[in-house]
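**Q** So here's structure.txt, just compact mmCIF, C-alpha atoms:
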# COMPACT_ATOMS: atom_id res chain seq x y z
CA MET A 1 71.90 113.11 -5.10
CA PRO A 2 69.45 110.47 -6.24
CA THR A 3 65.75 110.41 -5.57
CA VAL A 4 64.13 107.14 -4.53
CA LEU A 5 60.92 106.50 -6.45
CA ILE A 6 58.52 103.87 -5.11
CA ASP A 7 56.01 102.05 -7.28
CA ALA A 8 53.78 101.90 -4.23
CA ASP A 9 50.80 99.83 -5.39
CA GLY A 10 51.22 96.62 -3.42
CA CYS A 11 54.69 97.54 -2.16
CA PRO A 12 55.42 96.11 1.32
CA VAL A 13 58.53 98.24 1.97
CA VAL A 14 57.23 101.81 1.68
CA GLY A 15 57.78 102.63 5.37
CA LEU A 16 61.14 100.86 5.49
CA THR A 17 62.32 102.73 2.39
CA ILE A 18 61.34 106.10 3.85
CA ARG A 19 63.07 105.32 7.15
CA ILE A 20 66.33 104.35 5.44
CA CYS A 21 66.26 107.31 3.04
CA LYS A 22 65.61 109.74 5.88
CA GLY A 23 68.88 108.60 7.50
CA HIS A 24 70.71 109.48 4.26
CA SER A 25 68.77 112.72 3.58
CA VAL A 26 67.56 111.26 0.28
CA PRO A 27 64.19 112.42 -1.06
CA VAL A 28 61.46 109.82 -1.58
CA LEU A 29 58.67 110.00 -4.13
CA ILE A 30 55.70 107.63 -3.72
CA LEU A 31 53.70 106.99 -6.89
CA CYS A 32 50.31 105.29 -6.61
CA ASP A 33 46.87 105.26 -8.17
CA THR A 34 43.58 106.42 -6.71
CA ALA A 35 42.73 102.88 -5.56
CA HIS A 36 45.94 102.58 -3.51
CA ARG A 37 46.49 106.10 -2.16
CA ILE A 38 49.52 106.00 0.15
CA GLU A 39 50.54 109.06 2.16
CA ARG A 40 53.54 108.93 4.52
CA ASP A 41 55.51 111.52 6.48
CA GLY A 42 58.94 111.96 4.98
CA ALA A 43 57.88 111.40 1.37
CA GLU A 44 56.04 113.20 -1.40
CA THR A 45 53.08 111.30 -2.85
CA LEU A 46 51.87 111.58 -6.42
CA VAL A 47 48.49 110.01 -7.20
CA PHE A 48 47.38 109.02 -10.71
CA ASP A 49 44.14 107.80 -12.21
CA LYS A 50 43.44 104.11 -12.02
CA GLY A 51 44.30 102.47 -15.27
CA ALA A 52 46.57 99.96 -16.86
CA ASP A 53 50.14 101.04 -16.19
CA SER A 54 49.31 104.70 -15.47
CA VAL A 55 51.60 104.75 -12.43
CA ASP A 56 54.35 102.90 -14.32
CA PHE A 57 54.43 105.43 -17.15
CA ALA A 58 54.30 108.36 -14.73
CA LEU A 59 57.27 106.91 -12.85
CA VAL A 60 59.30 106.29 -16.02
CA ASN A 61 58.65 109.87 -17.12
CA ARG A 62 60.07 111.18 -13.80
CA VAL A 63 63.07 108.89 -13.21
CA ARG A 64 66.54 110.23 -13.96
CA ALA A 65 69.88 108.52 -14.39
CA GLY A 66 71.22 107.59 -10.97
CA ASP A 67 67.83 107.54 -9.24
CA ILE A 68 66.76 104.43 -7.33
CA VAL A 69 63.43 102.77 -8.10
CA VAL A 70 61.65 100.29 -5.84
CA THR A 71 59.26 98.02 -7.76
CA GLN A 72 58.28 94.40 -8.14
CA ASP A 73 57.21 94.96 -11.76
CA TYR A 74 59.74 93.52 -14.23
CA GLY A 75 58.42 95.58 -17.14
CA LEU A 76 58.74 98.82 -15.17
CA ALA A 77 62.19 97.75 -13.99
CA SER A 78 63.27 97.24 -17.59
CA MET A 79 62.11 100.72 -18.61
CA CYS A 80 63.88 102.30 -15.61
CA LEU A 81 67.11 100.45 -16.41
CA ALA A 82 66.91 101.95 -19.90
CA ARG A 83 66.81 105.37 -18.21
CA ARG A 84 70.01 104.38 -16.27
CA ALA A 85 68.31 104.15 -12.87
CA ARG A 86 69.16 101.55 -10.23
CA VAL A 87 66.22 99.27 -9.52
CA LEU A 88 65.44 97.08 -6.50
CA ASN A 89 62.58 94.74 -5.77
CA GLN A 90 60.97 94.45 -2.34
CA ASN A 91 63.28 91.58 -1.36
CA GLY A 92 66.54 93.37 -2.18
CA LEU A 93 67.16 91.90 -5.63
CA GLU A 94 68.74 94.50 -7.87
CA TYR A 95 67.45 94.32 -11.42
CA THR A 96 70.32 94.66 -13.88
CA ALA A 97 71.01 94.36 -17.58
CA GLY A 98 72.36 90.90 -16.71
CA ASN A 99 69.16 89.51 -15.15
CA ILE A 100 66.21 91.47 -16.55
CA ASP A 101 65.79 89.40 -19.73
CA ALA A 102 65.47 86.15 -17.77
CA LEU A 103 62.99 87.78 -15.37
CA LEU A 104 60.89 89.10 -18.24
CA GLU A 105 60.94 85.62 -19.83
CA ARG A 106 59.73 84.11 -16.55
CA ARG A 107 56.92 86.68 -16.38
CA TRP A 108 55.87 85.78 -19.94
CA GLN A 109 55.89 82.04 -19.09
CA ASN A 110 53.75 82.69 -15.98
CA LYS A 111 51.24 84.70 -18.02
CA LYS A 112 51.00 81.80 -20.47
CA LEU A 113 50.23 79.46 -17.57
CA LEU A 114 47.54 81.82 -16.27
CA ARG A 115 45.91 82.01 -19.69
CA ALA A 116 45.91 78.19 -19.76
CA GLY A 117 44.05 78.15 -16.44
CA LYS A 118 47.00 77.06 -14.30
CA HIS A 119 47.30 79.31 -11.29
CA PRO A 120 50.71 79.34 -9.59
CA LYS A 121 50.82 79.44 -5.81
CA GLY A 122 50.75 82.97 -4.42
CA PRO A 123 53.66 84.54 -2.57
CA ALA A 124 54.48 83.33 0.93
CA LYS A 125 54.01 85.63 3.94
CA ARG A 126 56.65 88.36 4.11
CA THR A 127 59.55 87.58 6.45
CA LYS A 128 61.92 89.66 8.56
CA GLU A 129 64.77 88.22 6.47
CA GLN A 130 63.24 89.72 3.33
CA ASP A 131 62.99 93.11 5.03
CA ALA A 132 66.63 92.81 6.17
CA ALA A 133 67.78 91.86 2.65
CA PHE A 134 65.91 94.83 1.17
CA ALA A 135 67.31 97.21 3.80
CA ALA A 136 70.88 96.00 3.18
CA ALA A 137 70.50 96.38 -0.58
CA LEU A 138 69.03 99.88 -0.34
CA GLU A 139 71.70 100.95 2.18
CA GLY A 140 74.34 99.60 -0.19
CA LEU A 141 73.01 101.61 -3.11
CA LEU A 142 72.69 104.78 -1.02
CA CYS A 143 76.20 104.44 0.38
CA GLY A 144 77.52 103.76 -3.12
CA CYS A 145 75.85 106.96 -4.37
CA ARG A 146 77.50 108.97 -1.60
CA GLU A 147 80.93 107.51 -2.44
CA SER A 148 80.56 108.35 -6.13
CA GLU A 149 79.63 111.96 -5.24
CA GLY A 150 82.68 112.45 -3.02
Show how you would write the structure in this file as structure tokens.
**A**
Amino acid sequence: MPTVLIDADGCPVVGLTIRICKGHSVPVLILCDTAHRIERDGAETLVFDKGADSVDFALVNRVRAGDIVVTQDYGLASMCLARRARVLNQNGLEYTAGNIDALLERRWQNKKLLRAGKHPKGPAKRTKEQDAAFAAALEGLLCGCRESEG
């Protein structure tokens, strides 16, 4: 059975993830730093020192093949894919070997723009459709895991 690991700093679907996983009896591990401490019933929380990528490296060191990771960080997603985990973002996009390079390239281009003083528009307000897309994607991965066990 997989574990679902949540990169919880700034993650808008922590509660939704726990609710869905509870229905599948799948354990949830929340990883956060001391500035974003997140405790929820139905999940274990691990808290790490504030620092560049401390939560990311802690998560990568814990993830196993077949686990499911929830993150919006492309770099973390790439490392988890290398560990043969399944990775979703908060909107239900599954990161794969087929799309991660393009996403990392986009992140690099955005960082170049920021360094040049051009600030892209921030994300729009979260919608119910985004929550529904995430829920459907997570349900699909969890049901797929059950089928491969049976």
**Q** Set the distance at 12 Å and use only C-alpha atoms: which residues neighbour Val69 in chain A once local chain neighbours fewer than 4 positions away are removed? I'd like the list as a PyMOL selection string.
**A** chain A and resi 2-8+11+14+17+27-31+56+59-60+62-65+73-74+76-81+83-90+92-95+138+141-142
**Q** Write a file of the just-selected residues containing C-alpha atoms, as a PDB file, keeping the file's coordinate frame.
**A**
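Just written: selection.pdb:
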ATOM      1  CA  PRO A   2      69.450 110.470  -6.240  1.00  0.00           C
ATOM      2  CA  THR A   3      65.750 110.410  -5.570  1.00  0.00           C
ATOM      3  CA  VAL A   4      64.130 107.140  -4.530  1.00  0.00           C
ATOM      4  CA  LEU A   5      60.920 106.500  -6.450  1.00  0.00           C
ATOM      5  CA  ILE A   6      58.520 103.870  -5.110  1.00  0.00           C
ATOM      6  CA  ASP A   7      56.010 102.050  -7.280  1.00  0.00           C
ATOM      7  CA  ALA A   8      53.780 101.900  -4.230  1.00  0.00           C
ATOM      8  CA  CYS A  11      54.690  97.540  -2.160  1.00  0.00           C
ATOM      9  CA  VAL A  14      57.230 101.810   1.680  1.00  0.00           C
ATOM     10  CA  THR A  17      62.320 102.730   2.390  1.00  0.00           C
ATOM     11  CA  PRO A  27      64.190 112.420  -1.060  1.00  0.00           C
ATOM     12  CA  VAL A  28      61.460 109.820  -1.580  1.00  0.00           C
ATOM     13  CA  LEU A  29      58.670 110.000  -4.130  1.00  0.00           C
ATOM     14  CA  ILE A  30      55.700 107.630  -3.720  1.00  0.00           C
ATOM     15  CA  LEU A  31      53.700 106.990  -6.890  1.00  0.00           C
ATOM     16  CA  ASP A  56      54.350 102.900 -14.320  1.00  0.00           C
ATOM     17  CA  LEU A  59      57.270 106.910 -12.850  1.00  0.00           C
ATOM     18  CA  VAL A  60      59.300 106.290 -16.020  1.00  0.00           C
ATOM     19  CA  ARG A  62      60.070 111.180 -13.800  1.00  0.00           C
ATOM     20  CA  VAL A  63      63.070 108.890 -13.210  1.00  0.00           C
ATOM     21  CA  ARG A  64      66.540 110.230 -13.960  1.00  0.00           C
ATOM     22  CA  ALA A  65      69.880 108.520 -14.390  1.00  0.00           C
ATOM     23  CA  ASP A  73      57.210  94.960 -11.760  1.00  0.00           C
ATOM     24  CA  TYR A  74      59.740  93.520 -14.230  1.00  0.00           C
ATOM     25  CA  LEU A  76      58.740  98.820 -15.170  1.00  0.00           C
ATOM     26  CA  ALA A  77      62.190  97.750 -13.990  1.00  0.00           C
ATOM     27  CA  SER A  78      63.270  97.240 -17.590  1.00  0.00           C
ATOM     28  CA  MET A  79      62.110 100.720 -18.610  1.00  0.00           C
ATOM     29  CA  CYS A  80      63.880 102.300 -15.610  1.00  0.00           C
ATOM     30  CA  LEU A  81      67.110 100.450 -16.410  1.00  0.00           C
ATOM     31  CA  ARG A  83      66.810 105.370 -18.210  1.00  0.00           C
ATOM     32  CA  ARG A  84      70.010 104.380 -16.270  1.00  0.00           C
ATOM     33  CA  ALA A  85      68.310 104.150 -12.870  1.00  0.00           C
ATOM     34  CA  ARG A  86      69.160 101.550 -10.230  1.00  0.00           C
ATOM     35  CA  VAL A  87      66.220  99.270  -9.520  1.00  0.00           C
ATOM     36  CA  LEU A  88      65.440  97.080  -6.500  1.00  0.00           C
ATOM     37  CA  ASN A  89      62.580  94.740  -5.770  1.00  0.00           C
ATOM     38  CA  GLN A  90      60.970  94.450  -2.340  1.00  0.00           C
ATOM     39  CA  GLY A  92      66.540  93.370  -2.180  1.00  0.00           C
ATOM     40  CA  LEU A  93      67.160  91.900  -5.630  1.00  0.00           C
ATOM     41  CA  GLU A  94      68.740  94.500  -7.870  1.00  0.00           C
ATOM     42  CA  TYR A  95      67.450  94.320 -11.420  1.00  0.00           C
ATOM     43  CA  LEU A 138      69.030  99.880  -0.340  1.00  0.00           C
ATOM     44  CA  LEU A 141      73.010 101.610  -3.110  1.00  0.00           C
ATOM     45  CA  LEU A 142      72.690 104.780  -1.020  1.00  0.00           C
TER      46      LEU A 142
END
**Q** Enter the distance from CA of Ala124 in chain A to CA of Ala97 in chain A, in Å, rounded to one decimal.
**A**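 Rounded to one decimal, the two atoms are 27.2 Å apart.
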**Q** Hey, can you check how far CA of Gln130 in chain A sits from CA of Ala35 in chain A?
**A** 25.9 Å
**Q** Which one is closest to His24 in chain A: A:Asn110, A:Ala43, A:Glu139, A:Ser54? Count all atoms listed in the file.
**A**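 Closest to His24 in chain A, using all atoms listed in the file: A:Glu139.
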**Q** Nearest to Thr45 in chain A: which of A:Val13, A:Thr96, A:Asp33, A:Gly140 is it, counting only C-alpha atoms?
**A**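 Using only C-alpha atoms, the shortest distance to Thr45 in chain A belongs to A:Asp33.
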**Q** Counting only C-alpha atoms, which of A:Phe134, A:Ile18, A:Gly75, A:Asp67 gets nearest to Leu104 in chain A?
**A** A:Gly75
**Q** Using all atoms listed in the file, which of A:Pro12, A:Lys22, A:Ile100, A:Asp41 sits nearest Lys125 in chain A?
**A**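 Answer, going by the shortest atom-to-atom distance: A:Pro12.
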**Q** As AutoDock Vina command-line options, please: the centre and edge lengths in Å, to one decimal, of an axis-aligned box enclosing every listed atom of range 11-19 of chain A with 3 Å added on each side.
**A**
--center_x 58.9 --center_y 101.1 --center_z 2.5 --size_x 14.4 --size_y 16.0 --size_z 15.3
**Q** What does the structure give for the distance between CA of Lys50 in chain A and CA of His36 in chain A, in Å to one decimal?
**A** 9.0 Å
**Q** For Ile38 in chain A, which residue among A:Asp9, A:Gly23, A:Ala58, A:Asn91 is the nearest when counting all atoms listed in the file?
**A** A:Asp9
**Q** When distances are computed from all atoms listed in the file, which of A:Cys21, A:Gly10, A:Val55, A:Asn61 shows the smallest separation from Gly42 in chain A?
**A**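 Ranking A:Cys21, A:Gly10, A:Val55, A:Asn61 by distance to Gly42 in chain A, first place goes to A:Cys21.
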**Q** For N, CA, C and O atoms, please extract range 82-113 of chain A from the block and return it as a JSON list (two decimals), in the first residue's frame.
**A**
[["chain", "number", "residue", "atom", "x", "y", "z"],
["A", 82, "ALA", "N", 12.28, 10.25, -9.84],
["A", 82, "ALA", "CA", 13.49, 9.42, -9.89],
["A", 82, "ALA", "C", 13.44, 8.28, -8.87],
["A", 82, "ALA", "O", 14.06, 7.24, -9.08],
["A", 83, "ARG", "N", 12.68, 8.48, -7.80],
["A", 83, "ARG", "CA", 12.51, 7.44, -6.78],
["A", 83, "ARG", "C", 11.32, 6.52, -7.10],
["A", 83, "ARG", "O", 10.90, 5.72, -6.30],
["A", 84, "ARG", "N", 10.72, 6.71, -8.29],
["A", 84, "ARG", "CA", 9.60, 5.91, -8.81],
["A", 84, "ARG", "C", 8.30, 6.10, -8.03],
["A", 84, "ARG", "O", 7.50, 5.19, -7.88],
["A", 85, "ALA", "N", 8.11, 7.34, -7.53],
["A", 85, "ALA", "CA", 6.84, 7.70, -6.89],
["A", 85, "ALA", "C", 5.92, 8.29, -7.96],
["A", 85, "ALA", "O", 6.37, 8.70, -9.03],
["A", 86, "ARG", "N", 4.64, 8.33, -7.66],
["A", 86, "ARG", "CA", 3.67, 9.06, -8.48],
["A", 86, "ARG", "C", 3.54, 10.44, -7.87],
["A", 86, "ARG", "O", 3.53, 10.57, -6.64],
["A", 87, "VAL", "N", 3.44, 11.47, -8.69],
["A", 87, "VAL", "CA", 3.46, 12.84, -8.17],
["A", 87, "VAL", "C", 2.34, 13.66, -8.80],
["A", 87, "VAL", "O", 2.20, 13.70, -10.02],
["A", 88, "LEU", "N", 1.56, 14.32, -7.93],
["A", 88, "LEU", "CA", 0.46, 15.19, -8.36],
["A", 88, "LEU", "C", 0.69, 16.60, -7.88],
["A", 88, "LEU", "O", 1.21, 16.80, -6.78],
["A", 89, "ASN", "N", 0.23, 17.58, -8.68],
["A", 89, "ASN", "CA", 0.20, 18.94, -8.14],
["A", 89, "ASN", "C", -1.18, 19.20, -7.57],
["A", 89, "ASN", "O", -2.09, 18.36, -7.65],
["A", 90, "GLN", "N", -1.38, 20.37, -7.00],
["A", 90, "GLN", "CA", -2.61, 20.71, -6.30],
["A", 90, "GLN", "C", -3.81, 20.84, -7.23],
["A", 90, "GLN", "O", -4.95, 20.92, -6.77],
["A", 91, "ASN", "N", -3.59, 20.87, -8.53],
["A", 91, "ASN", "CA", -4.69, 20.98, -9.49],
["A", 91, "ASN", "C", -4.97, 19.66, -10.21],
["A", 91, "ASN", "O", -5.76, 19.63, -11.15],
["A", 92, "GLY", "N", -4.30, 18.59, -9.80],
["A", 92, "GLY", "CA", -4.56, 17.28, -10.38],
["A", 92, "GLY", "C", -3.64, 16.90, -11.53],
["A", 92, "GLY", "O", -3.78, 15.82, -12.09],
["A", 93, "LEU", "N", -2.69, 17.75, -11.88],
["A", 93, "LEU", "CA", -1.73, 17.40, -12.93],
["A", 93, "LEU", "C", -0.78, 16.36, -12.37],
["A", 93, "LEU", "O", -0.18, 16.56, -11.31],
["A", 94, "GLU", "N", -0.64, 15.24, -13.08],
["A", 94, "GLU", "CA", 0.37, 14.26, -12.67],
["A", 94, "GLU", "C", 1.67, 14.59, -13.38],
["A", 94, "GLU", "O", 1.73, 14.69, -14.60],
["A", 95, "TYR", "N", 2.72, 14.77, -12.59],
["A", 95, "TYR", "CA", 4.05, 14.96, -13.15],
["A", 95, "TYR", "C", 4.54, 13.60, -13.63],
["A", 95, "TYR", "O", 4.38, 12.60, -12.93],
["A", 96, "THR", "N", 5.11, 13.57, -14.81],
["A", 96, "THR", "CA", 5.60, 12.32, -15.39],
["A", 96, "THR", "C", 6.95, 12.56, -16.05],
["A", 96, "THR", "O", 7.38, 13.71, -16.24],
["A", 97, "ALA", "N", 7.59, 11.46, -16.45],
["A", 97, "ALA", "CA", 8.84, 11.59, -17.20],
["A", 97, "ALA", "C", 8.60, 12.35, -18.50],
["A", 97, "ALA", "O", 9.49, 13.01, -19.02],
["A", 98, "GLY", "N", 7.37, 12.29, -19.02],
["A", 98, "GLY", "CA", 7.05, 12.95, -20.28],
["A", 98, "GLY", "C", 6.81, 14.45, -20.18],
["A", 98, "GLY", "O", 6.88, 15.15, -21.19],
["A", 99, "ASN", "N", 6.53, 14.98, -18.97],
["A", 99, "ASN", "CA", 6.26, 16.42, -18.89],
["A", 99, "ASN", "C", 7.18, 17.18, -17.94],
["A", 99, "ASN", "O", 7.19, 18.41, -17.94],
["A", 100, "ILE", "N", 7.99, 16.48, -17.15],
["A", 100, "ILE", "CA", 8.76, 17.18, -16.12],
["A", 100, "ILE", "C", 9.85, 18.08, -16.72],
["A", 100, "ILE", "O", 10.10, 19.17, -16.20],
["A", 101, "ASP", "N", 10.47, 17.67, -17.81],
["A", 101, "ASP", "CA", 11.53, 18.51, -18.39],
["A", 101, "ASP", "C", 10.98, 19.85, -18.86],
["A", 101, "ASP", "O", 11.59, 20.89, -18.63],
["A", 102, "ALA", "N", 9.83, 19.83, -19.51],
["A", 102, "ALA", "CA", 9.22, 21.09, -19.98],
["A", 102, "ALA", "C", 8.83, 21.97, -18.79],
["A", 102, "ALA", "O", 8.97, 23.19, -18.85],
["A", 103, "LEU", "N", 8.33, 21.36, -17.72],
["A", 103, "LEU", "CA", 7.95, 22.14, -16.53],
["A", 103, "LEU", "C", 9.18, 22.75, -15.86],
["A", 103, "LEU", "O", 9.13, 23.90, -15.43],
["A", 104, "LEU", "N", 10.26, 21.99, -15.78],
["A", 104, "LEU", "CA", 11.49, 22.53, -15.21],
["A", 104, "LEU", "C", 12.04, 23.66, -16.07],
["A", 104, "LEU", "O", 12.54, 24.66, -15.55],
["A", 105, "GLU", "N", 11.94, 23.53, -17.38],
["A", 105, "GLU", "CA", 12.38, 24.59, -18.30],
["A", 105, "GLU", "C", 11.56, 25.85, -18.07],
["A", 105, "GLU", "O", 12.10, 26.96, -18.02],
["A", 106, "ARG", "N", 10.24, 25.70, -17.91],
["A", 106, "ARG", "CA", 9.38, 26.85, -17.65],
["A", 106, "ARG", "C", 9.76, 27.53, -16.33],
["A", 106, "ARG", "O", 9.80, 28.74, -16.23],
["A", 107, "ARG", "N", 10.05, 26.72, -15.32],
["A", 107, "ARG", "CA", 10.46, 27.28, -14.03],
["A", 107, "ARG", "C", 11.75, 28.09, -14.18],
["A", 107, "ARG", "O", 11.88, 29.20, -13.66],
["A", 108, "TRP", "N", 12.71, 27.57, -14.95],
["A", 108, "TRP", "CA", 13.97, 28.26, -15.18],
["A", 108, "TRP", "C", 13.72, 29.58, -15.90],
["A", 108, "TRP", "O", 14.29, 30.62, -15.55],
["A", 109, "GLN", "N", 12.84, 29.57, -16.93],
["A", 109, "GLN", "CA", 12.53, 30.80, -17.67],
["A", 109, "GLN", "C", 11.87, 31.83, -16.74],
["A", 109, "GLN", "O", 12.18, 33.02, -16.83],
["A", 110, "ASN", "N", 10.97, 31.39, -15.88],
["A", 110, "ASN", "CA", 10.32, 32.31, -14.93],
["A", 110, "ASN", "C", 11.33, 32.91, -13.95],
["A", 110, "ASN", "O", 11.24, 34.10, -13.62],
["A", 111, "LYS", "N", 12.28, 32.11, -13.50],
["A", 111, "LYS", "CA", 13.31, 32.64, -12.60],
["A", 111, "LYS", "C", 14.17, 33.68, -13.31],
["A", 111, "LYS", "O", 14.58, 34.67, -12.70],
["A", 112, "LYS", "N", 14.45, 33.46, -14.58],
["A", 112, "LYS", "CA", 15.19, 34.45, -15.36],
["A", 112, "LYS", "C", 14.43, 35.77, -15.43],
["A", 112, "LYS", "O", 15.00, 36.85, -15.28],
["A", 113, "LEU", "N", 13.11, 35.68, -15.65],
["A", 113, "LEU", "CA", 12.29, 36.89, -15.70],
["A", 113, "LEU", "C", 12.30, 37.62, -14.36],
["A", 113, "LEU", "O", 12.40, 38.85, -14.31]]
